[in-house]
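Engineer: Questions regarding the structure given below will be posed in turn.
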Amino acid sequence: MYTAEYINCRVCGEDKPKFLGIRGNREYAGAKDQAGGEEHMVTNVVKCANCGFVYANPIIITDQKGYDDPQDYMSSSSTDPKRLFGFTLNLIEKYKPNGKILDIGCAKGEFLLVAKNRGWDVFGLEPSPNFAKYANSQYGINIHQGTLEDAEYPDRFFDVVVLNMVLEHIDDPKSFIRHIRRILNDNGFLFIEVPNTEGLMLKAAAAYFKLRGKDWSPLISPLHYPFHSYGYNISSIRHLLMGEGFDIEKIIIRNSSLRGFRRDSGGTTKEKLCRDIISRLAGSIGKGDVLMAIARKKTND
Ligand SMILES: [Zn+2]
């Protein structure tokens, strides 16, 4: 079951939506995942004219659950955790070489395993019982199964908090970031990785849809659950973090294929080749499809 609700921008609070396209038509590429009688969610994709935040308006509120099967999750992609997360840790360690690190939405705990082997004191938080169980039994990493609210971490407990492809699923990003600020040490760091809505790949996909006469926006994917609630870019990430008491240390735009991560998103051989070329080109001109940000908690004194 789902309901729809019109909202203001959840990053800057303004109501200045610019229509980008439709999300969720049955004929949309990828919509076949929904075959079998599942309800299909059609809504508008808009971009806030003030801060660049991309959101669905109306927003879809659903009781469907998120990722829950460790075997199924990322089964369609080849991942090398050491390479994927080594880059992230190299970046974090330039600012903070060790200490207590919390991975929110840690899934199978692979990031934490790499971090643990590099000497970090690791903590995980994961809403899915199956993932949490998997991380505990496979890697011996202690994962709190539940939400940030019910974990009840003490104030200023962590040196680093990590959000790997998590923020785009969070319904109320401002209160979420505020909560993270509370549990971060003074001058602690927040690392965020999200899909970049300004990536050339998504622009090319939008142009391709338009060419075919379709009013589709590819900016908030996937079409199957867990639907991304929002899309971020440099402007909206800055608005969000600076508005909640963080200083931005660094923002990096990357190409996802450089992370040792590839997802087979289907299509014909020609379409795949096309995507590959655009993806490589995008990475080389700073228009990659992944945004990474490191921010430092500002303190009052
Ligand atoms: Zn806004």
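Identifiers in the structure tokens: chain A, B, ... in order shown; residue index from 1 per chain; ligand index from 1 in order shown.
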How would you write, as a PDB file with C-alpha atoms, in the first residue's frame, the set of residues no farther than 8 Å from ligand 1 when counting only C-alpha atoms and all ligand atoms?
Structural biologist:
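result_3.pdb, freshly written:
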```pdb
ATOM      1  CA  ASN A   8       8.312  21.463   0.579  1.00  0.00           C
ATOM      2  CA  CYS A   9      12.036  21.005  -0.074  1.00  0.00           C
ATOM      3  CA  ARG A  10      13.348  18.982   2.846  1.00  0.00           C
ATOM      4  CA  VAL A  11      16.796  20.552   2.664  1.00  0.00           C
ATOM      5  CA  CYS A  12      16.082  24.313   2.537  1.00  0.00           C
ATOM      6  CA  GLY A  13      12.347  24.393   3.347  1.00  0.00           C
ATOM      7  CA  GLU A  14      11.373  26.394   0.235  1.00  0.00           C
ATOM      8  CA  ASP A  15       8.470  25.451  -2.044  1.00  0.00           C
ATOM      9  CA  LYS A  16      10.059  26.134  -5.444  1.00  0.00           C
ATOM     10  CA  LYS A  47      14.329  19.991  -8.387  1.00  0.00           C
ATOM     11  CA  CYS A  48      14.330  22.764  -5.780  1.00  0.00           C
ATOM     12  CA  ALA A  49      15.108  26.031  -7.575  1.00  0.00           C
ATOM     13  CA  ASN A  50      16.716  27.344  -4.390  1.00  0.00           C
ATOM     14  CA  CYS A  51      19.164  24.602  -3.353  1.00  0.00           C
ATOM     15  CA  GLY A  52      19.167  21.963  -6.119  1.00  0.00           C
ATOM     16  CA  PHE A  53      17.675  19.163  -3.988  1.00  0.00           C
ATOM     17  CA  SER A 236      22.117  20.483  -1.959  1.00  0.00           C
TER      18      SER A 236
END
```
Engineer: Which of range 10-253 of chain A end up as strand (DSSP E or B) when DSSP is run on this backbone - answer as a PDB file with C-alpha atoms, in the first residue's frame?
Structural biologist:
```pdb
ATOM      1  CA  PRO A  17       9.807  22.836  -7.314  1.00  0.00           C
ATOM      2  CA  LYS A  18      10.939  22.757 -10.941  1.00  0.00           C
ATOM      3  CA  PHE A  19       9.382  19.838 -12.816  1.00  0.00           C
ATOM      4  CA  LEU A  20      11.978  17.482 -14.334  1.00  0.00           C
ATOM      5  CA  GLY A  21       9.878  14.549 -15.458  1.00  0.00           C
ATOM      6  CA  ILE A  22       7.777  11.575 -14.456  1.00  0.00           C
ATOM      7  CA  ARG A  23       8.960   8.659 -12.380  1.00  0.00           C
ATOM      8  CA  THR A  43       4.963  10.585  -9.364  1.00  0.00           C
ATOM      9  CA  ASN A  44       6.757  13.780 -10.456  1.00  0.00           C
ATOM     10  CA  VAL A  45      10.472  14.296 -10.083  1.00  0.00           C
ATOM     11  CA  VAL A  46      11.253  17.926  -9.187  1.00  0.00           C
ATOM     12  CA  LYS A  47      14.329  19.991  -8.387  1.00  0.00           C
ATOM     13  CA  CYS A  48      14.330  22.764  -5.780  1.00  0.00           C
ATOM     14  CA  VAL A  54      15.916  16.582  -6.186  1.00  0.00           C
ATOM     15  CA  TYR A  55      12.804  14.965  -4.762  1.00  0.00           C
ATOM     16  CA  ALA A  56       9.567  13.290  -5.670  1.00  0.00           C
ATOM     17  CA  ILE A  59       6.436  11.962  -2.188  1.00  0.00           C
ATOM     18  CA  ILE A  60       5.416   8.309  -2.037  1.00  0.00           C
ATOM     19  CA  ILE A  61       4.940   6.888   1.429  1.00  0.00           C
ATOM     20  CA  THR A  62       5.076   3.112   1.425  1.00  0.00           C
ATOM     21  CA  SER A  77      27.132  -6.490  -9.435  1.00  0.00           C
ATOM     22  CA  SER A  78      30.756  -7.421  -9.005  1.00  0.00           C
ATOM     23  CA  THR A  79      32.356  -5.753  -6.046  1.00  0.00           C
ATOM     24  CA  LYS A 100      35.817   5.083  16.649  1.00  0.00           C
ATOM     25  CA  ILE A 101      34.005   4.777  13.333  1.00  0.00           C
ATOM     26  CA  LEU A 102      30.270   4.158  12.853  1.00  0.00           C
ATOM     27  CA  ASP A 103      28.883   2.902   9.542  1.00  0.00           C
ATOM     28  CA  ILE A 104      25.157   3.670   9.353  1.00  0.00           C
ATOM     29  CA  ASP A 121      37.442   0.673  16.364  1.00  0.00           C
ATOM     30  CA  VAL A 122      34.357  -0.301  14.352  1.00  0.00           C
ATOM     31  CA  PHE A 123      30.623   0.051  15.019  1.00  0.00           C
ATOM     32  CA  GLY A 124      27.757  -0.785  12.694  1.00  0.00           C
ATOM     33  CA  LEU A 125      24.114   0.123  12.511  1.00  0.00           C
ATOM     34  CA  GLU A 126      21.756  -1.779  10.236  1.00  0.00           C
ATOM     35  CA  ILE A 143      26.221  -4.522  14.597  1.00  0.00           C
ATOM     36  CA  HIS A 144      23.333  -2.803  16.288  1.00  0.00           C
ATOM     37  CA  GLN A 145      20.205  -3.942  14.506  1.00  0.00           C
ATOM     38  CA  PHE A 158      32.271   8.708  17.502  1.00  0.00           C
ATOM     39  CA  ASP A 159      35.251  10.200  15.673  1.00  0.00           C
ATOM     40  CA  VAL A 160      33.854   9.389  12.246  1.00  0.00           C
ATOM     41  CA  VAL A 161      30.380   8.559  10.916  1.00  0.00           C
ATOM     42  CA  VAL A 162      30.032   7.017   7.458  1.00  0.00           C
ATOM     43  CA  LEU A 163      26.995   7.026   5.133  1.00  0.00           C
ATOM     44  CA  ASN A 164      27.738   4.827   2.111  1.00  0.00           C
ATOM     45  CA  LEU A 184      30.068  12.981  16.742  1.00  0.00           C
ATOM     46  CA  ASN A 185      33.052  14.113  18.752  1.00  0.00           C
ATOM     47  CA  ASP A 186      33.940  17.816  18.599  1.00  0.00           C
ATOM     48  CA  ASN A 187      35.755  18.190  15.287  1.00  0.00           C
ATOM     49  CA  GLY A 188      34.619  14.707  14.291  1.00  0.00           C
ATOM     50  CA  PHE A 189      34.035  13.881  10.627  1.00  0.00           C
ATOM     51  CA  LEU A 190      31.067  12.832   8.571  1.00  0.00           C
ATOM     52  CA  PHE A 191      31.680  10.994   5.299  1.00  0.00           C
ATOM     53  CA  ILE A 192      28.857  10.820   2.756  1.00  0.00           C
ATOM     54  CA  GLU A 193      28.625   8.984  -0.549  1.00  0.00           C
ATOM     55  CA  VAL A 194      25.506   9.463  -2.681  1.00  0.00           C
ATOM     56  CA  PRO A 195      24.539   9.205  -6.356  1.00  0.00           C
ATOM     57  CA  ASN A 196      25.212  12.541  -8.082  1.00  0.00           C
ATOM     58  CA  TRP A 216      10.680  10.428 -17.873  1.00  0.00           C
ATOM     59  CA  TYR A 230      15.803  11.939  -2.980  1.00  0.00           C
ATOM     60  CA  GLY A 231      18.678  12.905  -5.219  1.00  0.00           C
ATOM     61  CA  TYR A 232      21.674  15.003  -4.189  1.00  0.00           C
ATOM     62  CA  PHE A 246      29.220  21.212   9.511  1.00  0.00           C
ATOM     63  CA  ASP A 247      32.127  22.675   7.550  1.00  0.00           C
ATOM     64  CA  ILE A 248      32.745  21.006   4.194  1.00  0.00           C
ATOM     65  CA  GLU A 249      36.327  19.796   3.946  1.00  0.00           C
ATOM     66  CA  LYS A 250      36.220  18.173   0.533  1.00  0.00           C
ATOM     67  CA  ILE A 251      33.815  17.118  -2.192  1.00  0.00           C
ATOM     68  CA  ILE A 252      34.835  14.589  -4.838  1.00  0.00           C
ATOM     69  CA  ILE A 253      32.859  13.626  -7.936  1.00  0.00           C
TER      70      ILE A 253
END
```
Engineer: From the list A:Leu89, A:Val42, A:Ile220, A:Ala132, which residue is nearest Val114 in chain A when using only C-alpha atoms?
Structural biologist: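 Among the listed residues, A:Leu89 lies closest to Val114 in chain A.
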Engineer: Hey, can you check how far CA of Ala107 in chain A sits from CA of Phe131 in chain A?
Structural biologist: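 Taking CA of Ala107 in chain A as the start and CA of Phe131 in chain A as the end point, the length is 5.3 Å.
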Engineer: From a backbone DSSP assignment, name each residue in range 178-232 of chain A labelled helix (DSSP H, G or I), as a list in words.
Structural biologist: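 Those in range 178-232 of chain A that DSSP calls helix (DSSP H, G or I) are Arg178, His179, Ile180, Arg181, Arg182, Ile183, Leu200, Met201, Leu202, Lys203, Ala204, Ala205, Ala206, Ala207, Tyr208, Phe209, Lys210 and Leu211 of chain A.
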Engineer: Give me the residues within 10 Å of Ala205 in chain A as a PyMOL selection string, counting only C-alpha atoms and dropping any in the same chain fewer than 2 places off.
Structural biologist: chain A and resi 200-203+207-211+216-219+275
Engineer: When distances are computed from only C-alpha atoms, which of A:Leu113, A:Asn98, A:Phe85, A:Asp289 shows the smallest separation from Gly199 in chain A?
Structural biologist: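 Selected residue with least distance to Gly199 in chain A: A:Asp289.
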